[in-house]
file protein_8.txt (compact mmCIF, C-alpha atoms and all ligand atoms)
# COMPACT_ATOMS: atom_id res chain seq x y z
CA MET A 1 -3.09 -27.64 16.24
CA GLY A 2 -6.75 -26.92 15.62
CA LEU A 3 -9.00 -24.29 17.08
CA VAL A 4 -10.20 -24.95 20.60
CA LYS A 5 -13.95 -24.52 21.14
CA THR A 6 -14.83 -22.22 24.00
CA ASP A 7 -17.88 -20.37 25.31
CA GLU A 8 -15.92 -17.12 25.35
CA PRO A 9 -16.35 -15.14 22.08
CA PHE A 10 -12.70 -14.15 22.35
CA ILE A 11 -11.48 -14.82 18.81
CA THR A 12 -14.54 -13.39 17.03
CA THR A 13 -14.46 -10.23 19.09
CA LYS A 14 -10.83 -9.64 18.29
CA ILE A 15 -11.40 -10.19 14.58
CA ASP A 16 -14.34 -7.76 14.59
CA GLN A 17 -12.23 -5.18 16.35
CA PHE A 18 -9.39 -5.71 13.91
CA ILE A 19 -11.66 -5.34 10.87
CA GLY A 20 -13.24 -2.23 12.41
CA TRP A 21 -9.81 -0.74 13.07
CA ALA A 22 -8.73 -1.43 9.47
CA GLN A 23 -11.91 0.02 7.95
CA LYS A 24 -11.87 3.07 10.20
CA ASN A 25 -8.39 3.98 9.00
CA SER A 26 -8.94 3.26 5.33
CA LEU A 27 -12.36 4.63 4.37
CA TRP A 28 -12.30 5.04 0.59
CA PRO A 29 -14.65 7.76 -0.62
CA MET A 30 -16.95 7.53 -3.61
CA PRO A 31 -17.09 11.24 -4.56
CA MET A 32 -20.51 12.33 -5.79
CA GLY A 33 -19.49 15.88 -6.60
CA ILE A 34 -22.69 17.12 -8.22
CA SER A 35 -22.33 20.89 -7.96
CA CYS A 36 -20.53 23.72 -6.12
CA CYS A 37 -19.97 21.93 -2.78
CA ALA A 38 -17.70 19.59 -4.72
CA ILE A 39 -15.03 22.31 -4.89
CA GLU A 40 -14.67 22.14 -1.10
CA MET A 41 -14.69 18.36 -1.28
CA MET A 42 -11.71 18.55 -3.67
CA SER A 43 -9.97 20.85 -1.22
CA PHE A 44 -10.53 18.22 1.49
CA ALA A 45 -8.45 15.85 -0.64
CA GLY A 46 -5.76 18.42 -1.48
CA PRO A 47 -2.54 19.22 0.42
CA ARG A 48 -3.94 22.00 2.63
CA TYR A 49 -6.52 19.76 4.31
CA ASP A 50 -4.84 16.49 3.42
CA CYS A 51 -7.41 13.80 4.18
CA ALA A 52 -4.58 11.27 3.73
CA ARG A 53 -3.86 11.95 7.42
CA PHE A 54 -7.13 10.13 8.11
CA GLY A 55 -6.58 7.31 5.60
CA SER A 56 -9.16 8.57 3.08
CA GLU A 57 -7.09 9.96 0.25
CA ALA A 58 -8.01 7.14 -2.14
CA PHE A 59 -11.00 8.58 -4.03
CA ARG A 60 -12.01 5.55 -6.06
CA PHE A 61 -14.56 6.69 -8.68
CA SER A 62 -15.60 3.04 -8.62
CA PRO A 63 -18.48 2.05 -6.35
CA ARG A 64 -17.13 -1.50 -6.09
CA GLN A 65 -14.02 -0.22 -4.30
CA SER A 66 -15.65 2.41 -2.07
CA ASP A 67 -17.21 2.31 1.37
CA LEU A 68 -17.97 5.99 1.99
CA MET A 69 -20.23 8.00 -0.32
CA LEU A 70 -19.67 11.76 -0.19
CA VAL A 71 -22.65 13.49 -1.75
CA ALA A 72 -21.78 17.12 -2.41
CA GLY A 73 -24.22 19.25 -4.36
CA THR A 74 -27.75 19.88 -5.50
CA VAL A 75 -29.43 16.57 -6.29
CA THR A 76 -32.21 16.73 -8.82
CA TYR A 77 -34.81 13.98 -9.17
CA LYS A 78 -33.19 12.96 -12.46
CA MET A 79 -29.79 12.70 -10.78
CA SER A 80 -31.16 10.90 -7.70
CA HIS A 81 -31.59 7.70 -9.73
CA VAL A 82 -27.90 7.77 -10.62
CA VAL A 83 -26.87 8.42 -7.00
CA ARG A 84 -29.07 5.57 -5.78
CA LYS A 85 -27.73 3.20 -8.43
CA ILE A 86 -24.12 3.95 -7.47
CA TYR A 87 -25.00 3.57 -3.78
CA ASP A 88 -26.52 0.16 -4.51
CA GLN A 89 -23.34 -0.91 -6.30
CA MET A 90 -21.14 -0.18 -3.25
CA PRO A 91 -20.39 -3.20 -1.04
CA ASP A 92 -21.56 -3.30 2.59
CA PRO A 93 -20.81 -1.88 5.07
CA LYS A 94 -21.11 1.53 3.38
CA TRP A 95 -21.48 4.98 4.91
CA VAL A 96 -22.96 8.21 3.57
CA ILE A 97 -22.11 11.85 4.29
CA ALA A 98 -24.53 14.55 3.07
CA MET A 99 -22.31 17.58 2.49
CA GLY A 100 -23.99 20.97 2.46
CA ALA A 101 -27.44 22.50 2.62
CA CYS A 102 -28.58 21.36 -0.83
CA THR A 103 -27.67 17.72 -0.28
CA SER A 104 -29.14 17.64 3.21
CA THR A 105 -32.38 19.57 2.63
CA GLY A 106 -32.57 20.90 -0.92
CA GLY A 107 -31.07 24.16 0.38
CA MET A 108 -32.33 27.27 -1.34
CA TYR A 109 -33.89 25.24 -4.15
CA ARG A 110 -37.52 24.82 -3.19
CA SER A 111 -38.13 23.58 -6.68
CA TYR A 112 -40.13 20.79 -8.30
CA SER A 113 -36.90 19.41 -9.79
CA VAL A 114 -34.72 19.25 -6.65
CA VAL A 115 -34.82 16.48 -4.05
CA GLN A 116 -35.41 18.03 -0.62
CA GLY A 117 -32.71 15.97 1.08
CA ILE A 118 -30.97 12.80 -0.09
CA ASP A 119 -32.28 10.87 2.92
CA LEU A 120 -35.49 10.60 0.91
CA PHE A 121 -33.80 7.91 -1.18
CA ILE A 122 -30.62 6.74 0.63
CA PRO A 123 -29.72 6.39 4.34
CA VAL A 124 -27.47 9.21 5.60
CA ASP A 125 -25.12 8.88 8.58
CA VAL A 126 -23.69 12.40 8.86
CA TYR A 127 -25.14 15.75 7.73
CA ILE A 128 -22.85 18.74 7.32
CA ALA A 129 -24.30 22.26 7.41
CA GLY A 130 -23.07 25.10 5.23
CA CYS A 131 -23.29 26.58 1.76
CA PRO A 132 -20.72 25.31 1.13
CA PRO A 133 -19.28 23.68 4.26
CA ARG A 134 -15.59 24.24 4.84
CA PRO A 135 -13.27 21.27 4.18
CA ASP A 136 -12.62 21.25 7.95
CA ASN A 137 -16.20 20.24 8.45
CA LEU A 138 -15.96 17.43 5.95
CA ILE A 139 -12.99 16.17 7.99
CA ASN A 140 -15.19 16.48 11.08
CA GLY A 141 -17.78 14.34 9.31
CA LEU A 142 -15.17 11.75 8.41
CA ILE A 143 -14.01 11.61 12.05
CA GLU A 144 -17.62 11.08 13.16
CA ILE A 145 -17.89 8.10 10.80
CA GLN A 146 -14.61 6.74 12.21
CA LYS A 147 -16.04 7.07 15.74
CA LYS A 148 -19.15 5.13 14.68
CA ILE A 149 -17.04 2.32 13.24
CA ALA A 150 -14.85 2.22 16.37
CA ALA A 151 -18.02 1.95 18.48
CA GLY A 152 -19.21 -1.02 16.40
CA GLN A 153 -22.20 0.85 14.96
CA LYS A 154 -23.83 -0.12 11.68
CA PRO A 155 -24.32 2.24 8.73
CA GLY A 156 -27.77 3.70 8.36
CA GLN A 157 -28.91 2.41 11.76
CA SER A 158 -26.97 4.52 14.27
CA GLU A 159 -27.80 7.98 15.55
CA LYS A 160 -27.54 10.70 12.90
CA ILE A 161 -24.80 13.29 13.34
CA TYR A 162 -25.40 16.95 12.43
CA ILE A 163 -22.27 19.07 12.10
CA GLN A 164 -22.73 22.83 12.49
CA GLU A 165 -19.40 24.28 13.48
CA SER A 166 -16.67 25.49 11.20
CA PRO A 167 -13.66 25.31 13.51
CA ARG A 168 -10.85 25.79 10.99
CA LYS A 169 -8.77 23.37 12.97
CA TYR A 170 -7.55 20.89 10.36
CA GLU A 171 -5.97 23.33 7.95
CA ARG A 172 -2.26 22.69 7.48
CA LYS A 173 0.33 25.43 7.26
CA ILE A 174 1.86 25.28 3.78
CA THR A 175 5.43 26.58 3.69
CA GLN A 176 6.86 27.76 0.37
S1 LIG A 201 -25.07 24.09 -0.45
FE1 LIG A 201 -24.41 25.96 -1.51
S2 LIG A 201 -22.33 25.49 -2.27
FE2 LIG A 201 -23.35 23.53 -1.78
S3 LIG A 201 -24.29 22.83 -3.69
FE3 LIG A 201 -25.84 24.01 -2.56
S4 LIG A 201 -25.66 26.11 -3.40
FE4 LIG A 201 -23.77 25.00 -3.93

call {"tool": "encode", "arguments": {"input": "protein_8.txt", "output": "structure tokens"}}
result
Amino acid sequence: MGLVKTDEPFITTKIDQFIGWAQKNSLWPMPMGISCCAIEMMSFAGPRYDCARFGSEAFRFSPRQSDLMLVAGTVTYKMSHVVRKIYDQMPDPKWVIAMGACTSTGGMYRSYSVVQGIDLFIPVDVYIAGCPPRPDNLINGLIEIQKKIAAGQKPGQSEKIYIQESPRKYERKITQ
């Protein structure tokens, strides 16, 4: 039995929703841990914050297998070429989180060598405040990306999200 042609976009819509659901629950990060913020990013992946609960425990270290770039640290102009190259090697659709003050704005480094925000050379979807931000807030950023995917938004084109709070609400109790 073949497919029946219809004016209703029923099948396509369902497939889109299914793909969105799958991607939302299996975002694989490309960790760009460039300086001190990366320590909190590692904590995000560890047992206390356990990003596996959100389907993102598979840090790939391969741009070909990643769809979420986590930029965590002070990006110099020299390093920005590397970050951009890795971003270009990631398949679409790909999302970007700017973690911390340095990544988002250059932070305290008003210097000739430091890029004053990575959105000068790649599109950013979520900015996370802090020096460094708590791992909770990186989880908040991840959840915001999941909401965007669930809403059918496209990377780099939807409204930017700025995360300020540090709610300490995703920390797990570790029992000895
Ligand atoms: S925001 Fe603070 S913790 Fe993060 S890279 Fe900059 S100086 Fe380091």

call {"tool": "closest_residue", "arguments": {"input": "protein_8.txt", "among": "A:Cys102, A:Tyr77, A:Pro29, A:Phe59", "to": "ligand LIG 201 (chain A)", "atoms": "all atoms listed in the file"}}
result
A:Cys102

call {"tool": "closest_residue", "arguments": {"input": "protein_8.txt", "among": "A:Ser26, A:Met32, A:Gly20, A:Glu57", "to": "Lys154 (chain A)", "atoms": "only C-alpha atoms"}}
result
A:Gly20

call {"tool": "residues_near_ligand", "arguments": {"input": "protein_8.txt", "ligand": "ligand LIG 201 (chain A)", "cutoff": "10 Å", "atoms": "all atoms listed in the file", "output": "PyMOL selection string"}}
result
chain A and resi 33-40+71-75+99-109+128-134

call {"tool": "atom_distance", "arguments": {"input": "protein_8.txt", "atom1": "CA of Met90 (chain A)", "atom2": "CA of Arg64 (chain A)"}}
result
5.1 Å

call {"tool": "residues_around", "arguments": {"input": "protein_8.txt", "residues": "region 138-144 of chain A", "least_positions_apart": "6", "cutoff": "8 Å", "atoms": "all atoms listed in the file", "output": "number ranges by chain"}}
result
A: 41, 44, 51, 97, 99, 126-128, 161, 163, 170

call {"tool": "atom_distance", "arguments": {"input": "protein_8.txt", "atom1": "CA of Asp16 (chain A)", "atom2": "CA of Trp28 (chain A)"}}
result
19.1 Å

call {"tool": "axis_aligned_box", "arguments": {"input": "protein_8.txt", "around": "region 79-84 of chain A", "padding_each_side": "3 Å", "output": "lines of an AutoDock Vina configuration file"}}
result
center_x = -29.2
center_y = 9.1
center_z = -8.3
size_x = 10.7
size_y = 13.1
size_z = 11.0

call {"tool": "residues_near_point", "arguments": {"input": "protein_8.txt", "point": "(-28.1, 9.1, -4.5)", "cutoff": "7 Å", "atoms": "only C-alpha atoms", "output": "VMD selection string"}}
result
chain A and resid 80 to 84 87 118 121 to 122

call {"tool": "write_last_selection", "arguments": {"input": "protein_8.txt", "atoms": "C-alpha atoms", "output": "short mmCIF file (atom, residue, chain, number, x, y, z; two decimals), keeping the file's coordinate frame"}}
result
data_model
loop_
_atom_site.label_atom_id
_atom_site.label_comp_id
_atom_site.auth_asym_id
_atom_site.auth_seq_id
_atom_site.Cartn_x
_atom_site.Cartn_y
_atom_site.Cartn_z
CA SER A 80 -31.16 10.90 -7.70
CA HIS A 81 -31.59 7.70 -9.73
CA VAL A 82 -27.90 7.77 -10.62
CA VAL A 83 -26.87 8.42 -7.00
CA ARG A 84 -29.07 5.57 -5.78
CA TYR A 87 -25.00 3.57 -3.78
CA ILE A 118 -30.97 12.80 -0.09
CA PHE A 121 -33.80 7.91 -1.18
CA ILE A 122 -30.62 6.74 0.63
#

call {"tool": "residues_around", "arguments": {"input": "protein_8.txt", "residues": "Phe61 (chain A)", "least_positions_apart": "5", "cutoff": "8 Å", "atoms": "only C-alpha atoms", "output": "compact mmCIF listing (two decimals) with C-alpha atoms, keeping the file's coordinate frame"}}
result
# COMPACT_ATOMS: atom_id res chain seq x y z
CA MET A 30 -16.95 7.53 -3.61
CA PRO A 31 -17.09 11.24 -4.56
CA SER A 66 -15.65 2.41 -2.07

call {"tool": "closest_residue", "arguments": {"input": "protein_8.txt", "among": "A:Asn137, A:Gln116, A:Thr76, A:Gln17", "to": "Gly152 (chain A)", "atoms": "all atoms listed in the file"}}
result
A:Gln17

call {"tool": "residues_around", "arguments": {"input": "protein_8.txt", "residues": "Asn25 (chain A)", "least_positions_apart": "2", "cutoff": "7 Å", "atoms": "only C-alpha atoms", "output": "ChimeraX atom specification"}}
result
/A:21-23,27,54-55

call {"tool": "closest_residue", "arguments": {"input": "protein_8.txt", "among": "A:Pro123, A:Gly46, A:Gly156, A:Pro63", "to": "Ile86 (chain A)", "atoms": "all atoms listed in the file"}}
result
A:Pro63

call {"tool": "atom_distance", "arguments": {"input": "protein_8.txt", "atom1": "CA of Ala52 (chain A)", "atom2": "CA of Lys160 (chain A)"}}
result
24.7 Å

call {"tool": "build_atoms", "arguments": {"input": "protein_8.txt", "residues": "region 137-153 of chain A", "atoms": "N, CA and C atoms", "output": "mmCIF file, keeping the file's coordinate frame"}}
result
data_model
loop_
_atom_site.group_PDB
_atom_site.id
_atom_site.type_symbol
_atom_site.label_atom_id
_atom_site.label_comp_id
_atom_site.auth_asym_id
_atom_site.auth_seq_id
_atom_site.Cartn_x
_atom_site.Cartn_y
_atom_site.Cartn_z
ATOM 1 N N ASN A 137 -14.989 20.903 7.982
ATOM 2 C CA ASN A 137 -16.200 20.240 8.450
ATOM 3 C C ASN A 137 -16.410 18.890 7.790
ATOM 4 N N LEU A 138 -15.900 18.752 6.572
ATOM 5 C CA LEU A 138 -15.960 17.430 5.950
ATOM 6 C C LEU A 138 -15.031 16.477 6.719
ATOM 7 N N ILE A 139 -13.880 16.992 7.156
ATOM 8 C CA ILE A 139 -12.990 16.170 7.990
ATOM 9 C C ILE A 139 -13.702 15.811 9.293
ATOM 10 N N ASN A 140 -14.403 16.780 9.876
ATOM 11 C CA ASN A 140 -15.190 16.480 11.080
ATOM 12 C C ASN A 140 -16.175 15.338 10.819
ATOM 13 N N GLY A 141 -16.829 15.394 9.671
ATOM 14 C CA GLY A 141 -17.780 14.340 9.310
ATOM 15 C C GLY A 141 -17.100 12.987 9.191
ATOM 16 N N LEU A 142 -15.932 12.986 8.560
ATOM 17 C CA LEU A 142 -15.170 11.750 8.410
ATOM 18 C C LEU A 142 -14.799 11.179 9.789
ATOM 19 N N ILE A 143 -14.376 12.053 10.693
ATOM 20 C CA ILE A 143 -14.010 11.610 12.050
ATOM 21 C C ILE A 143 -15.224 11.029 12.768
ATOM 22 N N GLU A 144 -16.400 11.627 12.537
ATOM 23 C CA GLU A 144 -17.620 11.080 13.160
ATOM 24 C C GLU A 144 -17.920 9.672 12.644
ATOM 25 N N ILE A 145 -17.694 9.454 11.356
ATOM 26 C CA ILE A 145 -17.890 8.100 10.800
ATOM 27 C C ILE A 145 -16.876 7.145 11.435
ATOM 28 N N GLN A 146 -15.632 7.592 11.581
ATOM 29 C CA GLN A 146 -14.610 6.740 12.210
ATOM 30 C C GLN A 146 -15.012 6.373 13.642
ATOM 31 N N LYS A 147 -15.594 7.349 14.361
ATOM 32 C CA LYS A 147 -16.040 7.070 15.740
ATOM 33 C C LYS A 147 -17.150 6.012 15.740
ATOM 34 N N LYS A 148 -18.056 6.117 14.764
ATOM 35 C CA LYS A 148 -19.150 5.130 14.680
ATOM 36 C C LYS A 148 -18.589 3.736 14.438
ATOM 37 N N ILE A 149 -17.627 3.632 13.535
ATOM 38 C CA ILE A 149 -17.040 2.320 13.240
ATOM 39 C C ILE A 149 -16.334 1.774 14.482
ATOM 40 N N ALA A 150 -15.571 2.651 15.165
ATOM 41 C CA ALA A 150 -14.850 2.220 16.370
ATOM 42 C C ALA A 150 -15.817 1.750 17.449
ATOM 43 N N ALA A 151 -17.013 2.337 17.471
ATOM 44 C CA ALA A 151 -18.020 1.950 18.480
ATOM 45 C C ALA A 151 -18.829 0.731 18.043
ATOM 46 N N GLY A 152 -18.521 0.182 16.875
ATOM 47 C CA GLY A 152 -19.210 -1.020 16.400
ATOM 48 C C GLY A 152 -20.597 -0.737 15.861
ATOM 49 N N GLN A 153 -20.874 0.516 15.486
ATOM 50 C CA GLN A 153 -22.200 0.850 14.960
ATOM 51 C C GLN A 153 -22.327 0.446 13.496
#
